[in-house]
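Novice: For reference, the file input_19.cif (mmCIF, C-alpha atoms) is included below:
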```
data_start
#
loop_
_atom_site.label_atom_id
_atom_site.label_comp_id
_atom_site.auth_asym_id
_atom_site.auth_seq_id
_atom_site.Cartn_x
_atom_site.Cartn_y
_atom_site.Cartn_z
CA MET A 1 3.87 -9.84 6.00
CA ARG A 2 6.25 -7.00 6.82
CA ILE A 3 7.90 -4.84 4.18
CA ALA A 4 11.71 -4.82 4.34
CA ASP A 5 13.63 -1.57 3.97
CA THR A 6 17.23 -1.05 2.87
CA SER A 7 18.29 -0.18 6.43
CA PHE A 8 17.22 -3.64 7.59
CA LEU A 9 18.61 -5.48 4.57
CA TYR A 10 21.96 -3.72 4.63
CA ALA A 11 22.32 -4.39 8.37
CA LEU A 12 21.57 -8.05 7.69
CA PHE A 13 24.57 -8.34 5.36
CA SER A 14 27.02 -5.98 7.04
CA ILE A 15 28.74 -7.28 10.17
CA THR A 16 29.99 -3.76 10.95
CA ASP A 17 26.51 -2.21 10.91
CA ASP A 18 25.25 -1.14 14.34
CA PHE A 19 22.00 -3.04 13.74
CA HIS A 20 23.56 -6.27 12.40
CA GLU A 21 22.69 -8.45 15.41
CA LYS A 22 19.18 -7.03 15.59
CA ALA A 23 18.70 -7.66 11.86
CA LEU A 24 19.83 -11.28 12.26
CA LYS A 25 17.29 -11.77 15.06
CA GLU A 26 14.50 -10.19 13.00
CA ALA A 27 15.36 -12.33 9.97
CA ALA A 28 15.30 -15.48 12.11
CA LYS A 29 11.78 -14.82 13.39
CA PRO A 30 9.01 -16.98 11.96
CA GLY A 31 7.07 -15.50 9.13
CA SER A 32 8.08 -14.04 5.85
CA PHE A 33 8.62 -10.56 4.52
CA SER A 34 8.41 -8.72 1.22
CA ILE A 35 11.02 -6.62 -0.49
CA PRO A 36 9.87 -4.07 -3.07
CA ALA A 37 11.95 -4.48 -6.24
CA GLU A 38 13.17 -0.88 -5.96
CA ILE A 39 14.45 -1.55 -2.43
CA LEU A 40 16.20 -4.73 -3.55
CA SER A 41 17.93 -2.71 -6.26
CA GLU A 42 18.95 0.00 -3.80
CA THR A 43 20.25 -2.58 -1.31
CA ILE A 44 22.30 -4.55 -3.83
CA ALA A 45 23.78 -1.30 -5.19
CA LEU A 46 24.67 -0.14 -1.67
CA ILE A 47 26.35 -3.44 -0.81
CA HIS A 48 28.19 -3.37 -4.15
CA TYR A 49 29.40 0.18 -3.51
CA ARG A 50 30.48 -0.39 0.10
CA GLN A 51 31.57 -4.05 0.12
CA GLY A 52 32.24 -5.00 -3.50
CA PHE A 53 30.70 -7.14 -6.20
CA GLN A 54 31.18 -10.51 -4.52
CA ALA A 55 29.36 -9.37 -1.36
CA ALA A 56 26.53 -7.87 -3.44
CA ARG A 57 26.17 -11.03 -5.48
CA ALA A 58 26.20 -13.22 -2.35
CA ALA A 59 23.51 -11.06 -0.73
CA GLY A 60 21.36 -11.21 -3.86
CA ASP A 61 21.81 -14.95 -4.17
CA TRP A 62 20.83 -15.44 -0.52
CA ILE A 63 17.73 -13.26 -0.82
CA ARG A 64 16.62 -15.00 -4.04
CA ALA A 65 17.04 -18.44 -2.44
CA GLN A 66 14.79 -17.73 0.56
CA ALA A 67 11.33 -19.27 0.26
CA GLY A 68 9.89 -16.82 2.79
CA ILE A 69 10.96 -13.67 0.97
CA GLU A 70 8.72 -12.18 -1.70
CA ILE A 71 10.19 -9.71 -4.19
CA CYS A 72 7.30 -7.51 -5.20
CA GLY A 73 6.93 -5.26 -8.21
CA ALA A 74 4.98 -2.04 -7.90
CA SER A 75 1.58 -1.66 -9.50
CA ARG A 76 0.35 1.67 -10.86
CA GLU A 77 -1.58 2.10 -7.60
CA ILE A 78 1.57 1.63 -5.50
CA LEU A 79 3.50 4.06 -7.69
CA GLU A 80 0.75 6.67 -7.36
CA ARG A 81 0.58 6.18 -3.60
CA THR A 82 4.38 6.44 -3.40
CA TRP A 83 4.39 9.68 -5.36
CA ARG A 84 1.66 11.22 -3.19
CA LEU A 85 3.60 10.35 -0.02
CA PHE A 86 6.86 11.68 -1.46
CA ALA A 87 5.36 14.91 -2.81
CA SER A 88 3.37 15.67 0.34
CA SER A 89 6.34 15.05 2.66
CA GLU A 90 8.02 18.27 1.47
CA GLY A 91 11.43 16.64 1.69
CA ARG A 92 10.99 14.73 4.95
CA LEU A 93 10.86 11.40 3.09
CA SER A 94 13.11 10.09 0.36
CA TYR A 95 11.50 8.38 -2.60
CA PRO A 96 12.66 4.90 -1.38
CA ASP A 97 11.22 5.65 2.07
CA SER A 98 7.95 6.61 0.38
CA ILE A 99 7.96 3.26 -1.45
CA ILE A 100 8.20 1.40 1.86
CA LEU A 101 5.36 3.40 3.38
CA ALA A 102 3.17 2.98 0.28
CA TRP A 103 3.58 -0.80 0.41
CA CYS A 104 2.89 -0.82 4.15
CA GLN A 105 -0.29 1.21 3.68
CA ALA A 106 -1.48 -0.98 0.82
CA ARG A 107 -0.87 -4.19 2.76
CA ARG A 108 -1.84 -2.80 6.15
CA THR A 109 1.42 -3.90 7.70
CA ARG A 110 4.46 -2.35 9.30
CA PRO A 111 7.92 -1.74 7.93
CA LEU A 112 10.91 -3.90 8.76
CA THR A 113 13.33 -1.00 9.14
CA PHE A 114 15.81 0.72 11.42
CA ASP A 115 15.21 4.07 9.70
CA GLU A 116 13.72 6.50 12.22
CA SER A 117 12.23 8.76 9.52
CA ILE A 118 10.20 5.84 8.17
CA LEU A 119 9.18 4.73 11.65
CA SER A 120 8.15 8.22 12.78
CA HIS A 121 6.28 8.96 9.56
CA GLY A 122 4.51 5.62 9.76
CA ARG A 123 3.30 6.46 13.27
CA GLY A 124 2.15 9.95 12.29
#
```
Would you mind giving the structure from this file in structure tokens?
Specialist:
Amino acid sequence: MRIADTSFLYALFSITDDFHEKALKEAAKPGSFSIPAEILSETIALIHYRQGFQAARAAGDWIRAQAGIEICGASREILERTWRLFASSEGRLSYPDSIILAWCQARRTRPLTFDESILSHGRG
């Protein structure tokens, strides 16, 4: 089960995003994905800021209605792993990016993202 990042989720709901079509194709693939609660919060806030309340609410309603999407809350272990990744990156990773990578490490999966810093750090 892949871990969805804000870059993927925002592209999914923004028709003007460069990755919108690619996000639609990824979302239509069989299989489910997880969204860390912190990333859901960041995504809804970003949509609210850029597109308004109605768009943010519609995105949240859609996500919550999908049977194949798991919203996951961080355990102490995930939070510790996140902090270690963030602190050791010396500024190369944001805290939300560190959350994605911590979940991916814990679940031995790959991120569902268009963010090159996450992708390159995940390969390294």
Novice: What residues come out when you apply the PyMOL selection byres ((chain A and resi 41) around 12) to this file, written as a ChimeraX atom specification?
Specialist: /A:5-6,9-10,35-40,42-48,56-57,59-60,63,71-73,96
Novice: So, counting all atoms listed in the file, which residue among A:Phe86, A:Tyr49, A:Trp62, A:Phe114 is closest to Leu101 (chain A)?
Specialist: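 Ranked by minimum distance to Leu101 (chain A), first place goes to A:Phe86.
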Novice: Give me the result of the PyMOL selection byres ((chain A and resi 118) around 10) on this file, residue by residue, as a list in words.
Specialist: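 What the PyMOL selection byres ((chain A and resi 118) around 10) grabs from the file is Asp5, Arg92, Leu93, Ser94, Pro96, Asp97, Ser98, Ile100, Leu101, Pro111, Leu112, Thr113, Phe114, Asp115, Glu116, Ser117, Leu119, Ser120, His121, Gly122, Arg123 and Gly124 of chain A.
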Novice: Please produce a file of the residues just selected, as a CSV table (one decimal), keeping the file's coordinate frame, where the atoms kept are C-alpha atoms.
Specialist:
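In the end it all went to result.csv:
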```
chain,number,residue,atom,x,y,z
A,5,ASP,CA,13.6,-1.6,4.0
A,92,ARG,CA,11.0,14.7,5.0
A,93,LEU,CA,10.9,11.4,3.1
A,94,SER,CA,13.1,10.1,0.4
A,96,PRO,CA,12.7,4.9,-1.4
A,97,ASP,CA,11.2,5.6,2.1
A,98,SER,CA,8.0,6.6,0.4
A,100,ILE,CA,8.2,1.4,1.9
A,101,LEU,CA,5.4,3.4,3.4
A,111,PRO,CA,7.9,-1.7,7.9
A,112,LEU,CA,10.9,-3.9,8.8
A,113,THR,CA,13.3,-1.0,9.1
A,114,PHE,CA,15.8,0.7,11.4
A,115,ASP,CA,15.2,4.1,9.7
A,116,GLU,CA,13.7,6.5,12.2
A,117,SER,CA,12.2,8.8,9.5
A,119,LEU,CA,9.2,4.7,11.6
A,120,SER,CA,8.2,8.2,12.8
A,121,HIS,CA,6.3,9.0,9.6
A,122,GLY,CA,4.5,5.6,9.8
A,123,ARG,CA,3.3,6.5,13.3
A,124,GLY,CA,2.2,10.0,12.3
```
Novice: Taking the file as shown, what set of residues would the PyMOL selection byres ((chain A and resi 78) around 8) give back, as an MDAnalysis selection string?
Specialist: chainID A and resid 74:77 79:82 99 102:103 106
Novice: What separation in Å, quoted to one decimal, exists between CA of Ala65 (chain A) and CA of Lys29 (chain A)?
Specialist: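 Going from CA of Ala65 (chain A) over to CA of Lys29 (chain A), I get 17.1 Å.
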Novice: For CA of Ser89 (chain A) and CA of Phe19 (chain A), determine how far apart the two atoms are, in Å to one decimal place.
Specialist: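 Answer for the CA of Ser89 (chain A) to CA of Phe19 (chain A) separation: 26.4 Å.
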Novice: Any idea what the distance is between CA of Ser34 (chain A) and CA of Arg108 (chain A)?
Specialist: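 Value for the CA of Ser34 (chain A)-CA of Arg108 (chain A) distance: 12.8 Å.
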Novice: Of the candidates A:Arg84, A:Asp61, A:Gly31, A:Gln66, which shows the shortest atom-to-atom distance to Arg2 (chain A), using all atoms listed in the file?
Specialist: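 Closest residue, counting all atoms listed in the file: A:Gly31.
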Novice: Which neighbours of Pro30 (chain A) fall inside 12 Å, counting all atoms listed in the file, when residues of the same chain fewer than 2 positions from it are skipped, and could you give them as a PyMOL selection string?
Specialist: chain A and resi 1-2+25-28+32-33+68-69
Novice: For region 51-80 of chain A, where the input has fewer atoms than it should, I would like N, CA and C atoms rebuilt and written as a short mmCIF file (atom, residue, chain, number, x, y, z; two decimals), keeping the file's coordinate frame.
Specialist:
```
data_model
loop_
_atom_site.label_atom_id
_atom_site.label_comp_id
_atom_site.auth_asym_id
_atom_site.auth_seq_id
_atom_site.Cartn_x
_atom_site.Cartn_y
_atom_site.Cartn_z
N GLN A 51 30.89 -2.79 -0.20
CA GLN A 51 31.57 -4.05 0.12
C GLN A 51 32.12 -4.78 -1.10
N GLY A 52 31.74 -4.38 -2.29
CA GLY A 52 32.24 -5.00 -3.50
C GLY A 52 31.23 -5.93 -4.16
N PHE A 53 31.59 -6.32 -5.39
CA PHE A 53 30.70 -7.14 -6.20
C PHE A 53 30.39 -8.48 -5.57
N GLN A 54 31.40 -9.16 -5.06
CA GLN A 54 31.18 -10.51 -4.52
C GLN A 54 30.18 -10.48 -3.36
N ALA A 55 30.30 -9.49 -2.49
CA ALA A 55 29.36 -9.37 -1.36
C ALA A 55 27.95 -9.07 -1.86
N ALA A 56 27.84 -8.20 -2.87
CA ALA A 56 26.53 -7.87 -3.44
C ALA A 56 25.89 -9.09 -4.09
N ARG A 57 26.69 -9.82 -4.83
CA ARG A 57 26.17 -11.03 -5.48
C ARG A 57 25.74 -12.06 -4.45
N ALA A 58 26.55 -12.26 -3.40
CA ALA A 58 26.20 -13.22 -2.35
C ALA A 58 24.91 -12.82 -1.65
N ALA A 59 24.74 -11.53 -1.38
CA ALA A 59 23.51 -11.06 -0.73
C ALA A 59 22.30 -11.31 -1.63
N GLY A 60 22.44 -10.98 -2.91
CA GLY A 60 21.36 -11.21 -3.86
C GLY A 60 21.02 -12.68 -4.01
N ASP A 61 22.05 -13.51 -4.07
CA ASP A 61 21.81 -14.95 -4.17
C ASP A 61 21.07 -15.47 -2.94
N TRP A 62 21.48 -15.00 -1.75
CA TRP A 62 20.83 -15.44 -0.52
C TRP A 62 19.36 -15.02 -0.50
N ILE A 63 19.11 -13.76 -0.81
CA ILE A 63 17.73 -13.26 -0.82
C ILE A 63 16.88 -14.07 -1.80
N ARG A 64 17.37 -14.28 -3.00
CA ARG A 64 16.62 -15.00 -4.04
C ARG A 64 16.35 -16.45 -3.67
N ALA A 65 17.19 -17.03 -2.82
CA ALA A 65 17.04 -18.44 -2.44
C ALA A 65 16.07 -18.65 -1.28
N GLN A 66 15.64 -17.58 -0.62
CA GLN A 66 14.79 -17.73 0.56
C GLN A 66 13.33 -17.90 0.16
N ALA A 67 12.74 -18.99 0.59
CA ALA A 67 11.33 -19.27 0.26
C ALA A 67 10.39 -18.26 0.91
N GLY A 68 10.77 -17.72 2.05
CA GLY A 68 9.89 -16.82 2.79
C GLY A 68 10.01 -15.36 2.41
N ILE A 69 10.80 -15.06 1.39
CA ILE A 69 10.96 -13.67 0.97
C ILE A 69 10.30 -13.48 -0.39
N GLU A 70 9.41 -12.52 -0.45
CA GLU A 70 8.72 -12.18 -1.70
C GLU A 70 9.34 -10.89 -2.25
N ILE A 71 9.76 -10.92 -3.50
CA ILE A 71 10.19 -9.71 -4.19
C ILE A 71 8.97 -9.20 -4.94
N CYS A 72 8.55 -8.00 -4.62
CA CYS A 72 7.30 -7.51 -5.20
C CYS A 72 7.54 -6.31 -6.12
N GLY A 73 6.88 -6.35 -7.25
CA GLY A 73 6.93 -5.26 -8.21
C GLY A 73 5.76 -4.32 -8.00
N ALA A 74 6.00 -3.05 -8.18
CA ALA A 74 4.98 -2.04 -7.90
C ALA A 74 3.92 -1.97 -9.01
N SER A 75 2.69 -1.90 -8.59
CA SER A 75 1.58 -1.66 -9.50
C SER A 75 1.45 -0.14 -9.72
N ARG A 76 0.62 0.23 -10.64
CA ARG A 76 0.35 1.67 -10.86
C ARG A 76 -0.18 2.31 -9.58
N GLU A 77 -1.02 1.59 -8.85
CA GLU A 77 -1.58 2.10 -7.60
C GLU A 77 -0.48 2.37 -6.57
N ILE A 78 0.46 1.44 -6.44
CA ILE A 78 1.57 1.63 -5.50
C ILE A 78 2.42 2.82 -5.92
N LEU A 79 2.70 2.93 -7.20
CA LEU A 79 3.50 4.06 -7.69
C LEU A 79 2.81 5.39 -7.45
N GLU A 80 1.51 5.44 -7.64
CA GLU A 80 0.75 6.67 -7.36
C GLU A 80 0.76 7.00 -5.87
#
```
